[in-house]
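Visitor: Quick one: structure below, then a few questions.
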Amino acid sequence: MRAIRTYSMELKTLELLSIKKNKSKIINLAVQRYCSEEDLFNWKDIATDRILRELAMFRDLSPSLKALIELELTSF
């Protein structure tokens, strides 16, 4: 069974999709792949320095913790 749904997408994505013939099939496969791989995510797959850089951008981070993160990042 098929159903028509409307979702908003970035223009760059739509431009990439515009050159393809079977857009519905591509979107369907992409969503299925995304959902099946969603459970495979593992924090161990991300480099520690990347996690620390992302964490350092939090606004509610205490100054002392931010300083420790920055000190750790300089040692990489």
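Ligands are numbered from 1 in the order shown, residues from 1 within each chain, and chains are lettered A, B, ... in the order they appear in the structure tokens.
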Just want the 8 Å neighbourhood of stretch 43-54 of chain A, counted on only C-alpha atoms, with same-chain residues fewer than 2 positions away dropped. Output as number ranges by chain.
Guide: A: 41, 56-58, 69, 73, 76
Visitor: From chain A, collect each residue whose DSSP state is alpha helix (DSSP H) and return the set as JSON, numbers by chain.
Guide: {"A": [11, 12, 13, 14, 15, 16, 17, 18, 23, 24, 25, 26, 27, 28, 29, 30, 31, 32, 33, 34, 35, 36, 37, 38, 48, 49, 50, 51, 52, 53, 54, 55, 56, 63, 64, 65, 66, 67, 68, 69, 70, 71, 72, 73, 74]}
Visitor: Next, dump the selected residues to file, keeping only N, CA and C atoms, as a CSV table (one decimal), in the first residue's frame.
Guide:
chain,number,residue,atom,x,y,z
A,11,LEU,N,16.8,22.6,0.1
A,11,LEU,CA,16.9,22.8,-1.4
A,11,LEU,C,18.0,22.0,-2.0
A,12,LYS,N,19.2,21.9,-1.3
A,12,LYS,CA,20.3,21.1,-1.9
A,12,LYS,C,19.9,19.7,-2.1
A,13,THR,N,19.1,19.1,-1.2
A,13,THR,CA,18.7,17.7,-1.3
A,13,THR,C,17.7,17.6,-2.4
A,14,LEU,N,16.8,18.6,-2.6
A,14,LEU,CA,15.8,18.5,-3.7
A,14,LEU,C,16.5,18.6,-5.0
A,15,GLU,N,17.6,19.5,-5.1
A,15,GLU,CA,18.3,19.6,-6.3
A,15,GLU,C,19.0,18.3,-6.7
A,16,LEU,N,19.6,17.6,-5.7
A,16,LEU,CA,20.2,16.3,-6.0
A,16,LEU,C,19.1,15.3,-6.5
A,17,LEU,N,18.0,15.3,-5.8
A,17,LEU,CA,16.9,14.4,-6.2
A,17,LEU,C,16.3,14.7,-7.5
A,18,SER,N,16.3,15.9,-7.9
A,18,SER,CA,15.6,16.3,-9.2
A,18,SER,C,16.2,15.6,-10.4
A,23,LYS,N,12.1,9.0,-7.8
A,23,LYS,CA,12.3,9.7,-6.6
A,23,LYS,C,11.7,9.0,-5.4
A,24,SER,N,10.5,8.5,-5.5
A,24,SER,CA,9.8,7.8,-4.5
A,24,SER,C,10.6,6.6,-4.0
A,25,LYS,N,11.2,5.9,-4.9
A,25,LYS,CA,12.0,4.7,-4.6
A,25,LYS,C,13.2,5.1,-3.8
A,26,ILE,N,13.9,6.2,-4.2
A,26,ILE,CA,15.1,6.6,-3.6
A,26,ILE,C,14.8,7.1,-2.2
A,27,ILE,N,13.7,7.9,-2.0
A,27,ILE,CA,13.4,8.3,-0.6
A,27,ILE,C,13.0,7.1,0.2
A,28,ASN,N,12.2,6.2,-0.3
A,28,ASN,CA,11.8,5.0,0.5
A,28,ASN,C,13.0,4.2,0.9
A,29,LEU,N,14.0,4.0,0.0
A,29,LEU,CA,15.2,3.2,0.4
A,29,LEU,C,16.0,4.0,1.4
A,30,ALA,N,16.1,5.3,1.3
A,30,ALA,CA,16.9,6.1,2.2
A,30,ALA,C,16.3,6.1,3.6
A,31,VAL,N,15.0,6.2,3.7
A,31,VAL,CA,14.4,6.2,5.0
A,31,VAL,C,14.5,4.8,5.7
A,32,GLN,N,14.3,3.7,4.9
A,32,GLN,CA,14.5,2.4,5.4
A,32,GLN,C,15.9,2.2,5.9
A,33,ARG,N,16.9,2.6,5.1
A,33,ARG,CA,18.3,2.4,5.5
A,33,ARG,C,18.6,3.2,6.8
A,34,TYR,N,18.1,4.5,6.8
A,34,TYR,CA,18.3,5.3,8.0
A,34,TYR,C,17.7,4.7,9.3
A,35,CYS,N,16.5,4.1,9.2
A,35,CYS,CA,15.8,3.5,10.3
A,35,CYS,C,16.5,2.2,10.7
A,36,SER,N,17.0,1.5,9.8
A,36,SER,CA,17.7,0.2,10.1
A,36,SER,C,19.1,0.5,10.7
A,37,GLU,N,19.7,1.5,10.3
A,37,GLU,CA,21.0,1.8,10.9
A,37,GLU,C,21.0,2.7,12.1
A,38,GLU,N,19.8,3.2,12.4
A,38,GLU,CA,19.7,4.0,13.6
A,38,GLU,C,20.0,3.3,14.9
A,48,THR,N,37.1,10.9,20.3
A,48,THR,CA,36.9,11.6,21.6
A,48,THR,C,37.0,13.1,21.4
A,49,ASP,N,38.0,13.5,20.6
A,49,ASP,CA,38.1,15.0,20.4
A,49,ASP,C,36.9,15.6,19.8
A,50,ARG,N,36.2,14.9,18.9
A,50,ARG,CA,35.0,15.4,18.3
A,50,ARG,C,33.9,15.6,19.3
A,51,ILE,N,33.8,14.6,20.2
A,51,ILE,CA,32.8,14.6,21.3
A,51,ILE,C,33.1,15.8,22.2
A,52,LEU,N,34.4,16.0,22.5
A,52,LEU,CA,34.7,17.1,23.4
A,52,LEU,C,34.5,18.4,22.8
A,53,ARG,N,34.8,18.6,21.5
A,53,ARG,CA,34.5,19.8,20.8
A,53,ARG,C,33.0,20.1,20.8
A,54,GLU,N,32.2,19.1,20.6
A,54,GLU,CA,30.7,19.4,20.6
A,54,GLU,C,30.3,19.7,22.0
A,55,LEU,N,30.8,19.0,23.0
A,55,LEU,CA,30.4,19.3,24.4
A,55,LEU,C,30.8,20.7,24.8
A,56,ALA,N,31.9,21.2,24.3
A,56,ALA,CA,32.4,22.5,24.7
A,56,ALA,C,31.5,23.6,24.2
A,63,PRO,N,32.2,27.0,33.7
A,63,PRO,CA,33.5,27.5,33.2
A,63,PRO,C,34.7,26.5,33.5
A,64,SER,N,34.6,25.9,34.7
A,64,SER,CA,35.7,25.0,35.0
A,64,SER,C,35.7,23.7,34.1
A,65,LEU,N,34.6,23.2,33.8
A,65,LEU,CA,34.5,22.0,32.9
A,65,LEU,C,34.9,22.4,31.5
A,66,LYS,N,34.5,23.6,31.1
A,66,LYS,CA,34.9,24.1,29.7
A,66,LYS,C,36.4,24.2,29.7
A,67,ALA,N,37.0,24.7,30.7
A,67,ALA,CA,38.5,24.9,30.8
A,67,ALA,C,39.2,23.5,30.7
A,68,LEU,N,38.6,22.5,31.4
A,68,LEU,CA,39.2,21.2,31.4
A,68,LEU,C,39.1,20.6,30.0
A,69,ILE,N,38.0,20.8,29.3
A,69,ILE,CA,37.8,20.3,28.0
A,69,ILE,C,38.8,20.9,27.0
A,70,GLU,N,39.0,22.2,27.1
A,70,GLU,CA,39.9,22.9,26.3
A,70,GLU,C,41.3,22.5,26.5
A,71,LEU,N,41.7,22.2,27.8
A,71,LEU,CA,43.0,21.7,28.1
A,71,LEU,C,43.2,20.3,27.5
A,72,GLU,N,42.2,19.5,27.6
A,72,GLU,CA,42.3,18.2,27.0
A,72,GLU,C,42.4,18.3,25.5
A,73,LEU,N,41.7,19.1,24.9
A,73,LEU,CA,41.8,19.3,23.4
A,73,LEU,C,43.1,19.8,22.9
A,74,THR,N,43.8,20.6,23.8
A,74,THR,CA,45.1,21.0,23.3
A,74,THR,C,46.2,19.9,23.4
